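Pasting structure30.cif here (mmCIF, C-alpha atoms and all ligand atoms):
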```cif
data_run
#
loop_
_atom_site.label_atom_id
_atom_site.label_comp_id
_atom_site.auth_asym_id
_atom_site.auth_seq_id
_atom_site.Cartn_x
_atom_site.Cartn_y
_atom_site.Cartn_z
CA MET A 1 -10.39 27.87 -5.34
CA SER A 2 -7.75 26.94 -7.95
CA GLY A 3 -6.79 23.46 -6.77
CA VAL A 4 -6.47 21.12 -3.81
CA THR A 5 -3.43 18.88 -3.31
CA VAL A 6 -3.49 15.78 -1.12
CA ARG A 7 -0.43 13.77 -0.07
CA VAL A 8 -0.89 10.03 0.53
CA PRO A 9 1.60 7.44 1.87
CA ALA A 10 2.60 4.00 0.60
CA LYS A 11 2.23 0.96 2.85
CA VAL A 12 4.08 -2.16 3.85
CA ASN A 13 2.27 -5.17 5.33
CA VAL A 14 4.20 -6.16 8.46
CA GLN A 15 1.90 -9.16 8.79
CA LEU A 16 -0.24 -10.50 5.97
CA ALA A 17 -2.12 -13.60 7.13
CA VAL A 18 -4.23 -15.01 4.29
CA GLY A 19 -7.16 -17.42 4.69
CA GLY A 20 -8.72 -19.67 2.06
CA ALA A 21 -10.46 -18.30 -1.05
CA ARG A 22 -14.03 -17.06 -0.35
CA PRO A 23 -16.99 -17.67 -2.67
CA ASP A 24 -16.68 -14.04 -3.91
CA GLY A 25 -13.08 -14.65 -5.02
CA PHE A 26 -11.52 -12.59 -2.22
CA HIS A 27 -9.51 -13.96 0.72
CA ASP A 28 -10.15 -13.20 4.38
CA LEU A 29 -7.12 -11.50 5.85
CA ALA A 30 -5.47 -10.40 9.04
CA ASN A 31 -3.58 -7.57 7.36
CA VAL A 32 -1.35 -5.43 9.56
CA PHE A 33 -0.67 -2.29 7.54
CA LEU A 34 2.06 0.23 8.29
CA ALA A 35 2.17 3.50 6.33
CA VAL A 36 5.67 4.49 5.18
CA SER A 37 7.14 7.83 4.14
CA LEU A 38 7.00 7.40 0.34
CA TYR A 39 4.18 9.52 -1.05
CA ASP A 40 2.05 10.22 -4.10
CA GLU A 41 0.39 13.63 -4.45
CA VAL A 42 -2.97 14.13 -6.13
CA THR A 43 -4.10 17.62 -7.18
CA ALA A 44 -7.73 18.26 -8.10
CA THR A 45 -8.53 21.37 -10.18
CA PRO A 46 -11.82 22.46 -11.75
CA ALA A 47 -12.25 21.22 -15.36
CA GLU A 48 -14.99 20.75 -17.96
CA THR A 49 -14.66 16.98 -17.92
CA LEU A 50 -12.94 14.25 -15.87
CA THR A 51 -9.28 13.95 -16.91
CA VAL A 52 -6.21 12.34 -15.32
CA THR A 53 -2.55 13.15 -15.88
CA CYS A 54 0.49 11.67 -14.18
CA GLU A 55 4.16 12.52 -13.79
CA GLY A 56 7.06 10.62 -12.23
CA PRO A 57 9.53 7.87 -13.18
CA ASP A 58 6.77 5.21 -13.53
CA ALA A 59 4.14 7.52 -15.08
CA ASP A 60 4.02 5.56 -18.35
CA LYS A 61 2.73 2.50 -16.41
CA VAL A 62 -0.26 4.35 -14.93
CA PRO A 63 -3.59 4.13 -16.81
CA LEU A 64 -5.07 7.58 -17.53
CA ASP A 65 -8.57 6.39 -18.40
CA ARG A 66 -11.55 5.73 -16.12
CA SER A 67 -9.82 2.60 -14.76
CA ASN A 68 -7.44 4.86 -12.82
CA LEU A 69 -8.43 4.58 -9.16
CA ALA A 70 -8.26 8.38 -8.81
CA ALA A 71 -10.82 8.81 -11.61
CA ARG A 72 -13.03 6.10 -10.10
CA ALA A 73 -12.88 7.85 -6.72
CA ALA A 74 -14.03 11.16 -8.26
CA GLU A 75 -16.88 9.37 -10.05
CA LEU A 76 -18.09 7.52 -6.94
CA LEU A 77 -17.98 10.67 -4.80
CA ALA A 78 -19.80 12.76 -7.41
CA ALA A 79 -22.46 10.05 -7.91
CA ARG A 80 -23.10 9.90 -4.17
CA HIS A 81 -23.77 13.66 -4.14
CA GLY A 82 -25.65 13.75 -7.46
CA ILE A 83 -23.13 16.04 -9.19
CA SER A 84 -20.91 15.60 -12.26
CA PRO A 85 -17.32 14.49 -11.74
CA ASP A 86 -15.86 17.36 -13.75
CA VAL A 87 -12.33 17.65 -12.44
CA HIS A 88 -8.74 17.41 -13.56
CA LEU A 89 -6.69 15.05 -11.40
CA HIS A 90 -2.92 15.33 -11.59
CA ILE A 91 -0.88 12.59 -9.91
CA VAL A 92 2.75 13.13 -8.92
CA LYS A 93 3.75 9.49 -8.54
CA ASP A 94 6.62 8.47 -6.29
CA ILE A 95 5.18 5.11 -5.10
CA PRO A 96 6.35 2.17 -7.27
CA VAL A 97 3.57 1.04 -9.67
CA ALA A 98 2.19 -2.52 -9.22
CA GLY A 99 4.80 -2.96 -6.50
CA GLY A 100 2.75 -4.18 -3.53
CA MET A 101 2.90 -0.74 -1.88
CA ALA A 102 -0.70 0.34 -2.64
CA GLY A 103 0.16 3.22 -4.98
CA GLY A 104 -3.12 3.00 -6.90
CA SER A 105 -5.01 2.84 -3.61
CA ALA A 106 -3.13 5.93 -2.42
CA ASP A 107 -4.24 7.83 -5.53
CA GLY A 108 -7.84 6.69 -5.01
CA ALA A 109 -7.87 7.93 -1.41
CA GLY A 110 -6.04 11.12 -2.41
CA ALA A 111 -8.47 11.96 -5.21
CA LEU A 112 -11.41 11.33 -2.90
CA LEU A 113 -10.14 13.75 -0.28
CA ALA A 114 -9.04 16.34 -2.88
CA CYS A 115 -12.41 16.30 -4.70
CA ASP A 116 -14.32 16.42 -1.43
CA ALA A 117 -12.43 19.61 -0.49
CA LEU A 118 -12.54 21.13 -4.01
CA TRP A 119 -16.28 20.57 -4.31
CA GLY A 120 -16.92 21.72 -0.70
CA LEU A 121 -18.86 18.55 0.13
CA ASN A 122 -17.68 17.86 3.70
CA THR A 123 -18.56 14.19 3.30
CA PRO A 124 -18.52 12.50 6.73
CA ARG A 125 -15.42 10.38 7.38
CA ALA A 126 -17.46 7.16 7.67
CA GLU A 127 -18.92 7.76 4.18
CA LEU A 128 -15.47 8.46 2.74
CA LEU A 129 -14.30 5.14 4.24
CA ASP A 130 -17.28 3.36 2.63
CA ILE A 131 -16.33 4.78 -0.78
CA CYS A 132 -12.71 3.74 -0.17
CA ALA A 133 -13.82 0.16 0.55
CA GLU A 134 -15.83 0.17 -2.68
CA LEU A 135 -12.72 1.29 -4.60
CA GLY A 136 -10.50 -1.51 -3.28
CA SER A 137 -9.53 -3.53 -0.23
CA ASP A 138 -6.42 -1.43 0.54
CA VAL A 139 -7.95 2.02 -0.09
CA PRO A 140 -9.40 2.64 3.42
CA PHE A 141 -5.92 2.22 4.88
CA SER A 142 -4.47 4.79 2.46
CA LEU A 143 -6.93 7.32 3.88
CA VAL A 144 -6.23 6.43 7.52
CA GLY A 145 -2.44 5.84 7.48
CA GLY A 146 -0.40 5.20 10.62
CA ALA A 147 -0.81 1.53 11.45
CA ALA A 148 -3.95 -0.57 11.37
CA LEU A 149 -5.22 -4.12 11.38
CA GLY A 150 -7.42 -4.83 8.34
CA VAL A 151 -9.83 -7.78 8.50
CA GLY A 152 -12.45 -9.06 6.07
CA ARG A 153 -10.75 -8.54 2.70
CA GLY A 154 -8.53 -5.96 4.46
CA GLU A 155 -11.01 -3.07 4.33
CA ARG A 156 -12.35 -3.24 7.91
CA LEU A 157 -9.80 -1.33 9.95
CA THR A 158 -8.83 -0.99 13.58
CA GLU A 159 -6.12 1.62 14.12
CA LEU A 160 -3.08 0.43 16.06
CA PRO A 161 -0.74 2.34 18.36
CA VAL A 162 2.93 2.46 17.26
CA GLY A 163 5.90 3.22 19.50
CA GLY A 164 3.64 4.87 22.05
CA ALA A 165 2.01 7.22 19.49
CA ALA A 166 -1.59 6.99 18.28
CA GLY A 167 -2.11 4.94 15.10
CA GLY A 168 -2.68 7.91 12.80
CA ALA A 169 0.27 9.92 14.12
CA ALA A 170 3.38 10.41 11.99
CA GLY A 171 6.71 9.47 13.49
CA GLY A 172 9.98 7.68 12.96
CA ALA A 173 9.54 4.58 15.09
CA PHE A 174 10.86 2.22 12.39
CA HIS A 175 13.40 2.56 9.56
CA TRP A 176 13.02 0.77 6.24
CA VAL A 177 14.68 0.21 2.89
CA PHE A 178 12.54 -0.78 -0.11
CA ALA A 179 14.12 -2.51 -3.09
CA VAL A 180 12.11 -1.59 -6.19
CA ALA A 181 11.99 -4.41 -8.76
CA ASP A 182 11.90 -4.16 -12.54
CA GLY A 183 8.27 -4.56 -13.59
CA GLY A 184 5.25 -5.26 -11.39
CA LEU A 185 3.31 -8.28 -10.19
CA SER A 186 -0.46 -8.55 -10.59
CA THR A 187 -2.23 -8.78 -7.22
CA PRO A 188 -4.92 -11.25 -8.48
CA ALA A 189 -2.15 -13.40 -10.03
CA VAL A 190 -0.31 -13.58 -6.70
CA TYR A 191 -3.50 -14.53 -4.81
CA GLY A 192 -4.15 -17.11 -7.55
CA GLU A 193 -0.68 -18.57 -7.05
CA PHE A 194 -1.31 -18.63 -3.28
CA ASP A 195 -4.42 -20.78 -3.97
CA ARG A 196 -2.47 -23.04 -6.31
CA LEU A 197 0.35 -23.56 -3.78
CA ASN A 198 -2.19 -24.30 -1.01
CA GLU A 199 -4.39 -26.66 -2.98
CA GLY A 200 -5.49 -29.51 -0.70
CA VAL A 201 -4.09 -27.72 2.37
CA ALA A 202 -6.40 -26.70 5.25
CA VAL A 203 -5.53 -22.97 5.37
CA PRO A 204 -6.02 -21.71 8.96
CA GLU A 205 -8.22 -18.72 9.86
CA PRO A 206 -6.02 -15.62 9.55
CA ALA A 207 -5.19 -13.96 12.89
CA ALA A 208 -2.96 -11.08 13.93
CA SER A 209 0.11 -12.08 15.94
CA PRO A 210 0.06 -10.71 19.51
CA VAL A 211 3.89 -10.64 19.49
CA LEU A 212 3.89 -8.49 16.35
CA LEU A 213 1.23 -6.10 17.69
CA ASP A 214 3.25 -5.72 20.88
CA ALA A 215 6.45 -4.98 18.92
CA LEU A 216 4.58 -2.28 16.98
CA ARG A 217 3.11 -0.80 20.14
CA THR A 218 6.46 -0.59 21.90
CA GLY A 219 8.42 0.50 18.81
CA ASP A 220 10.81 -2.46 19.25
CA ALA A 221 12.47 -2.99 15.85
CA THR A 222 14.28 -6.20 16.85
CA ALA A 223 11.06 -7.79 18.10
CA LEU A 224 9.20 -6.59 14.98
CA ALA A 225 11.94 -8.09 12.78
CA GLY A 226 11.35 -11.50 14.40
CA ALA A 227 7.60 -11.29 13.86
CA LEU A 228 7.35 -10.01 10.23
CA ALA A 229 5.28 -12.46 8.17
CA ASN A 230 3.75 -12.48 4.70
CA ASP A 231 1.69 -15.49 3.59
CA LEU A 232 1.84 -14.19 -0.02
CA GLN A 233 5.65 -14.31 -0.05
CA PRO A 234 5.94 -17.94 -1.31
CA ALA A 235 3.50 -17.10 -4.11
CA ALA A 236 5.39 -13.92 -5.08
CA LEU A 237 8.69 -15.86 -5.03
CA SER A 238 7.16 -18.63 -7.11
CA LEU A 239 6.11 -16.10 -9.78
CA ARG A 240 9.35 -14.09 -9.47
CA PRO A 241 12.16 -16.39 -8.20
CA SER A 242 14.76 -13.62 -8.63
CA LEU A 243 13.32 -11.90 -5.52
CA ALA A 244 15.18 -14.46 -3.36
CA ALA A 245 18.49 -12.87 -4.40
CA THR A 246 17.21 -9.39 -3.49
CA LEU A 247 16.06 -10.59 -0.05
CA ALA A 248 19.45 -12.22 0.54
CA ALA A 249 21.37 -9.10 -0.59
CA GLY A 250 19.55 -6.96 1.99
CA THR A 251 19.98 -9.37 4.90
CA ASP A 252 23.66 -9.93 3.98
CA ALA A 253 24.08 -6.13 4.12
CA GLY A 254 22.85 -6.05 7.73
CA ALA A 255 19.04 -5.61 7.58
CA LEU A 256 17.28 -6.89 10.72
CA ALA A 257 14.77 -8.71 8.52
CA ALA A 258 13.50 -8.86 4.95
CA LEU A 259 10.15 -9.68 3.37
CA VAL A 260 8.15 -9.17 0.22
CA SER A 261 5.86 -6.12 0.52
CA GLY A 262 2.26 -7.37 0.12
CA SER A 263 1.88 -9.07 -3.26
CA GLY A 264 5.31 -7.75 -4.33
CA PRO A 265 7.58 -7.47 -6.17
CA THR A 266 8.92 -4.66 -3.95
CA THR A 267 10.97 -6.14 -1.10
CA ALA A 268 11.10 -4.47 2.33
CA PHE A 269 14.05 -4.43 4.74
CA LEU A 270 13.65 -3.41 8.36
CA VAL A 271 16.85 -1.77 9.63
CA LYS A 272 17.91 -0.48 13.02
CA ASP A 273 18.65 3.19 12.28
CA PRO A 274 19.05 5.81 9.48
CA GLU A 275 22.77 4.99 9.00
CA SER A 276 22.00 1.31 8.50
CA ALA A 277 19.23 2.30 6.06
CA GLU A 278 21.74 4.20 3.91
CA SER A 279 24.27 1.34 3.89
CA VAL A 280 21.67 -1.36 3.16
CA ALA A 281 20.22 0.77 0.33
CA ALA A 282 23.69 1.27 -1.17
CA ALA A 283 24.44 -2.48 -0.92
CA LEU A 284 21.12 -3.37 -2.57
CA ILE A 285 21.81 -1.03 -5.48
CA ALA A 286 25.39 -2.35 -5.81
CA SER A 287 24.10 -5.97 -5.77
CA GLY A 288 22.33 -5.43 -9.09
CA THR A 289 19.33 -7.41 -7.77
CA CYS A 290 16.87 -4.49 -7.94
CA ARG A 291 16.11 -1.42 -10.06
CA THR A 292 16.66 1.00 -7.18
CA ALA A 293 16.39 1.22 -3.40
CA ARG A 294 14.44 3.75 -1.34
CA VAL A 295 14.80 4.70 2.31
CA ALA A 296 11.70 5.44 4.42
CA THR A 297 10.40 5.66 7.98
CA SER A 298 7.15 4.62 9.60
CA PRO A 299 4.50 5.23 10.70
CA ALA A 300 3.52 7.94 8.19
CA ALA A 301 0.32 9.98 8.40
CA GLY A 302 -2.62 9.06 6.15
CA ALA A 303 -4.05 11.14 3.29
CA ARG A 304 -3.76 14.87 4.13
CA VAL A 305 -4.75 18.05 2.29
CA LEU A 306 -1.59 20.19 1.84
CA ASP A 307 -1.76 23.94 2.45
C1 LIG A 401 -2.11 -7.83 -1.41
C2 LIG A 401 -2.55 -6.53 -0.79
C3 LIG A 401 -2.07 -6.52 0.68
O1 LIG A 401 -2.37 -5.32 1.32
O2 LIG A 401 -2.05 -5.38 -1.41
P1 LIG A 401 -0.91 -5.16 -2.57
O3 LIG A 401 0.30 -5.84 -2.08
O4 LIG A 401 -1.45 -5.75 -3.83
O5 LIG A 401 -0.71 -3.67 -2.66
C4 LIG A 401 -4.09 -6.40 -0.81
O6 LIG A 401 -4.74 -7.51 -0.23
C5 LIG A 401 -4.64 -6.14 -2.19
O7 LIG A 401 -5.61 -5.17 -2.07
P2 LIG A 401 -6.16 -4.36 -3.36
O8 LIG A 401 -5.06 -4.15 -4.33
O9 LIG A 401 -6.89 -3.17 -2.84
O10 LIG A 401 -7.14 -5.43 -3.95
P3 LIG A 401 -8.59 -5.28 -4.62
O11 LIG A 401 -8.52 -4.23 -5.68
O12 LIG A 401 -9.63 -5.16 -3.56
O13 LIG A 401 -8.73 -6.72 -5.29
C6 LIG A 401 -7.96 -7.09 -6.42
C7 LIG A 401 -7.94 -8.60 -6.50
O14 LIG A 401 -7.03 -9.13 -5.49
C8 LIG A 401 -7.55 -10.33 -4.93
N1 LIG A 401 -7.80 -10.13 -3.49
C9 LIG A 401 -7.71 -8.89 -2.93
C10 LIG A 401 -7.92 -8.72 -1.58
C11 LIG A 401 -8.25 -9.86 -0.81
N2 LIG A 401 -8.48 -9.75 0.52
N3 LIG A 401 -8.34 -11.07 -1.38
C12 LIG A 401 -8.10 -11.23 -2.71
O15 LIG A 401 -8.17 -12.35 -3.22
C13 LIG A 401 -8.82 -10.64 -5.71
O16 LIG A 401 -8.44 -11.46 -6.79
C14 LIG A 401 -9.26 -9.28 -6.22
O17 LIG A 401 -10.05 -9.37 -7.38
N1 LIG A 402 -3.54 5.68 -9.86
C1 LIG A 402 -2.97 4.50 -10.16
N2 LIG A 402 -1.65 4.32 -9.96
C2 LIG A 402 -1.08 3.12 -10.25
N3 LIG A 402 -1.73 2.08 -10.77
C3 LIG A 402 -3.03 2.21 -10.99
C4 LIG A 402 -3.69 3.42 -10.69
N4 LIG A 402 -5.00 3.26 -10.97
C5 LIG A 402 -5.12 2.01 -11.44
N5 LIG A 402 -3.95 1.36 -11.47
C6 LIG A 402 -3.74 -0.05 -11.90
O1 LIG A 402 -3.53 -0.83 -10.72
C7 LIG A 402 -2.47 -1.76 -10.88
C8 LIG A 402 -1.82 -2.00 -9.52
O2 LIG A 402 -1.11 -0.86 -9.16
P1 LIG A 402 -0.62 -0.45 -7.70
O3 LIG A 402 -1.76 -0.02 -6.86
O4 LIG A 402 0.48 0.52 -7.92
O5 LIG A 402 0.03 -1.78 -7.14
P2 LIG A 402 -0.26 -2.78 -5.96
O6 LIG A 402 -1.70 -3.24 -6.09
O7 LIG A 402 0.72 -3.88 -6.18
O8 LIG A 402 -0.01 -2.06 -4.69
C9 LIG A 402 -1.56 -1.11 -11.93
O9 LIG A 402 -0.89 -2.06 -12.69
C10 LIG A 402 -2.52 -0.29 -12.78
O10 LIG A 402 -2.96 -1.02 -13.90
#
```
Spell out the structure here as structure tokens.
Ligand SMILES: C[C@@](CO)(OP(=O)(O)O)[C@H](O)COP(=O)(O)OP(=O)(O)OC[C@H]1O[C@@H](n2ccc(N)nc2=O)[C@H](O)[C@@H]1O
Ligand SMILES: Nc1ncnc2c1ncn2[C@@H]1O[C@H](COP(=O)(O)OP(=O)(O)O)[C@@H](O)[C@H]1O
Amino acid sequence: MSGVTVRVPAKVNVQLAVGGARPDGFHDLANVFLAVSLYDEVTATPAETLTVTCEGPDADKVPLDRSNLAARAAELLAARHGISPDVHLHIVKDIPVAGGMAGGSADGAGALLACDALWGLNTPRAELLDICAELGSDVPFSLVGGAALGVGRGERLTELPVGGAAGGAAGGAFHWVFAVADGGLSTPAVYGEFDRLNEGVAVPEPAASPVLLDALRTGDATALAGALANDLQPAALSLRPSLAATLAAGTDAGALAALVSGSGPTTAFLVKDPESAESVAAALIASGTCRTARVATSPAAGARVLD
């Protein structure tokens, strides 16, 4: 076999409810993930040693050493099977880096699936999900895709139905525009700012909103727009105040709703149809408040081996 390519989607958090800091430094979440149709591709080919390469507009921001989540995935999988992680991993990166869209997590999940196929391991799905959780809180969702509620630190998933389809199914129930910011935001720094802003406040137990889950299930974009919520948004705005202008530019242009994607700084705009997506994207670019704007649909399928 010459190589195996896996395609993995980005995510947006349609609800990110954050609890207080835990003793281990993580936060308990009710994290409602939705996979969107922006993808990275990871190709695994046989090699004498573990190497990573990357191409794409943000490639210079991606570490190519063992800290790359794709490399770590190959190492963890190989260790579990008692083999050496000798593989070349090539990442074609289209997901914004450090943008709150889980691009690194996508590459971790993609490398795991690609190496599993290349090495003929047939690792059971439950074991792959365990390795994903070890790699990072968001990585299990990158494998699963569709829509899911993540609890614990976000790694314990329950798949959710969207617009009548099963959680893992691809489809075009919702239309989005993503405004890509200049530069990234560090996820630990945003959680740290959340803690600072909530000092002395009794942070409630995070819980998924029944109204939001219902809007997802029925594919009702207007109801979903009213229920979008991100507890990290004040922290992201505090660290990057310029995001307020981006959010306003998208809503002024006719988006149903706007929010920061996860820890940011990518901002997400829910729109009613593909035409509205094009006009909101054009308005965002013209506003000069973002680096570029991307159009996408959801839900998108999780990590998949390409033929
Ligand atoms: C905020 C979210 C929302 O989905 O994603 P991004 O927007 O960054 O993509 C996630 O919670 C990010 O998940 P992920 O990026 O996998 O985080 P991890 O590698 O597990 O943890 C990185 C750091 O983030 C903080 N962290 C992460 C998850 C969590 N539930 N509580 C935390 O406090 C901790 O400081 C941790 O050391
Ligand atoms: N394969 C990868 N792609 C992108 N970033 C990676 C990767 N592996 C490790 N990283 C590191 O993870 C950080 C967060 O990247 P990313 O996952 O894109 O953002 P976010 O956590 O905001 O969704 C990057 O700044 C980078 O240092």
Legend entry - Within-8 Å residues of ligand LIG 402 (chain A), basis only C-alpha atoms and all ligand atoms, as an MDAnalysis selection string: chainID A and resid 61:64 67:70 91 93 95:108 184:187 262:265
Could you save those same residues with C-alpha atoms as a short mmCIF file (atom, residue, chain, number, x, y, z; two decimals), in the coordinates of the input?
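To be explicit, this is the file written out as result15.cif:
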```cif
data_model
loop_
_atom_site.label_atom_id
_atom_site.label_comp_id
_atom_site.auth_asym_id
_atom_site.auth_seq_id
_atom_site.Cartn_x
_atom_site.Cartn_y
_atom_site.Cartn_z
CA LYS A 61 2.73 2.50 -16.41
CA VAL A 62 -0.26 4.35 -14.93
CA PRO A 63 -3.59 4.13 -16.81
CA LEU A 64 -5.07 7.58 -17.53
CA SER A 67 -9.82 2.60 -14.76
CA ASN A 68 -7.44 4.86 -12.82
CA LEU A 69 -8.43 4.58 -9.16
CA ALA A 70 -8.26 8.38 -8.81
CA ILE A 91 -0.88 12.59 -9.91
CA LYS A 93 3.75 9.49 -8.54
CA ILE A 95 5.18 5.11 -5.10
CA PRO A 96 6.35 2.17 -7.27
CA VAL A 97 3.57 1.04 -9.67
CA ALA A 98 2.19 -2.52 -9.22
CA GLY A 99 4.80 -2.96 -6.50
CA GLY A 100 2.75 -4.18 -3.53
CA MET A 101 2.90 -0.74 -1.88
CA ALA A 102 -0.70 0.34 -2.64
CA GLY A 103 0.16 3.22 -4.98
CA GLY A 104 -3.12 3.00 -6.90
CA SER A 105 -5.01 2.84 -3.61
CA ALA A 106 -3.13 5.93 -2.42
CA ASP A 107 -4.24 7.83 -5.53
CA GLY A 108 -7.84 6.69 -5.01
CA GLY A 184 5.25 -5.26 -11.39
CA LEU A 185 3.31 -8.28 -10.19
CA SER A 186 -0.46 -8.55 -10.59
CA THR A 187 -2.23 -8.78 -7.22
CA GLY A 262 2.26 -7.37 0.12
CA SER A 263 1.88 -9.07 -3.26
CA GLY A 264 5.31 -7.75 -4.33
CA PRO A 265 7.58 -7.47 -6.17
#
```
Near stretch 174-183 of chain A, within 7 Å and counting only C-alpha atoms, which residues show up once chain neighbours fewer than 6 positions away are dropped, as a short mmCIF file (atom, residue, chain, number, x, y, z; two decimals) with C-alpha atoms, in the frame of the given file?
```
data_model
loop_
_atom_site.label_atom_id
_atom_site.label_comp_id
_atom_site.auth_asym_id
_atom_site.auth_seq_id
_atom_site.Cartn_x
_atom_site.Cartn_y
_atom_site.Cartn_z
CA PRO A 96 6.35 2.17 -7.27
CA ALA A 221 12.47 -2.99 15.85
CA PRO A 265 7.58 -7.47 -6.17
CA THR A 266 8.92 -4.66 -3.95
CA THR A 267 10.97 -6.14 -1.10
CA ALA A 268 11.10 -4.47 2.33
CA PHE A 269 14.05 -4.43 4.74
CA LEU A 270 13.65 -3.41 8.36
CA VAL A 271 16.85 -1.77 9.63
CA LYS A 272 17.91 -0.48 13.02
CA ASP A 273 18.65 3.19 12.28
CA PRO A 274 19.05 5.81 9.48
CA ALA A 277 19.23 2.30 6.06
CA ALA A 281 20.22 0.77 0.33
CA CYS A 290 16.87 -4.49 -7.94
CA ARG A 291 16.11 -1.42 -10.06
CA THR A 292 16.66 1.00 -7.18
CA ALA A 293 16.39 1.22 -3.40
CA ARG A 294 14.44 3.75 -1.34
CA VAL A 295 14.80 4.70 2.31
CA ALA A 296 11.70 5.44 4.42
CA THR A 297 10.40 5.66 7.98
CA SER A 298 7.15 4.62 9.60
#
```
Legend entry - Near-ligand residues for ligand LIG 401 (chain A), threshold 9 Å, all atoms listed in the file, as a ChimeraX atom specification: /A:10-13,16,18-19,21-22,24-29,31-33,98-105,133-140,150-155,185-192,232,260-266
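Using all atoms listed in the file, the smallest distance between any of A:Ala117, A:Ala245, A:Ala17, A:Cys132 and A:Gly288 comes from A:Ala245.
Here atom CA of A:His81 is placed at a distance of 14.9 Å from atom CA of A:Ala126.
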Inset, instruction - Mind giving me the straight-line distance from atom CA of A:Pro57 to atom CA of A:Ser276 in Å, one decimal? - result: 25.9 Å
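Put simply, atom CA of A:Ser287 is 12.3 Å away from atom CA of A:Leu243.
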Non-local contacts of A:Leu50 (9 Å; only C-alpha atoms; under 3 positions in same chain excluded) as an mmCIF file with C-alpha atoms, in the coordinates of the input:
```cif
data_model
loop_
_atom_site.group_PDB
_atom_site.id
_atom_site.type_symbol
_atom_site.label_atom_id
_atom_site.label_comp_id
_atom_site.auth_asym_id
_atom_site.auth_seq_id
_atom_site.Cartn_x
_atom_site.Cartn_y
_atom_site.Cartn_z
ATOM 1 C CA ALA A 47 -12.250 21.220 -15.360
ATOM 2 C CA ARG A 66 -11.550 5.730 -16.120
ATOM 3 C CA ALA A 71 -10.820 8.810 -11.610
ATOM 4 C CA ALA A 74 -14.030 11.160 -8.260
ATOM 5 C CA GLU A 75 -16.880 9.370 -10.050
ATOM 6 C CA SER A 84 -20.910 15.600 -12.260
ATOM 7 C CA PRO A 85 -17.320 14.490 -11.740
ATOM 8 C CA ASP A 86 -15.860 17.360 -13.750
ATOM 9 C CA VAL A 87 -12.330 17.650 -12.440
ATOM 10 C CA HIS A 88 -8.740 17.410 -13.560
ATOM 11 C CA LEU A 89 -6.690 15.050 -11.400
#
```
Can you check which parts of stretch 237-261 of chain A lie within 12 Å of stretch 196-220 of chain A? Per residue, the shortest pair of atoms and distance in Å to one decimal, counting all atoms listed in the file, sorted by chain and number, as CSV.
```
residue,atom,partner,partner_atom,distance
A:Leu237,CA,A:Leu197,CA,11.4
A:Ser238,CA,A:Leu197,CA,9.0
A:Leu239,CA,A:Leu197,CA,11.2
A:Leu256,CA,A:Asp220,CA,11.6
```
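Nearest to A:Val42 of all the residues A:Leu121, A:Val305, A:Ala227, A:Ile83 is A:Val305, based on only C-alpha atoms.
Using only C-alpha atoms, the shortest contact distance between A:Ala35 and any of A:Val52, A:Ala148, A:Ala255, A:Cys115 is found at A:Ala148.
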Legend entry - Pick from A:Gly163, A:Pro241, A:Pro234, A:Gly226, whichever lies nearest to A:Ala258 using only C-alpha atoms: A:Gly226
Inset, instruction - For each of A:Leu247, A:Val162, A:Asn122, A:Leu284, take the minimum atom-to-atom distance to A:Gly145, counting all atoms listed in the file, then give the residue where this is smallest. - result: A:Val162
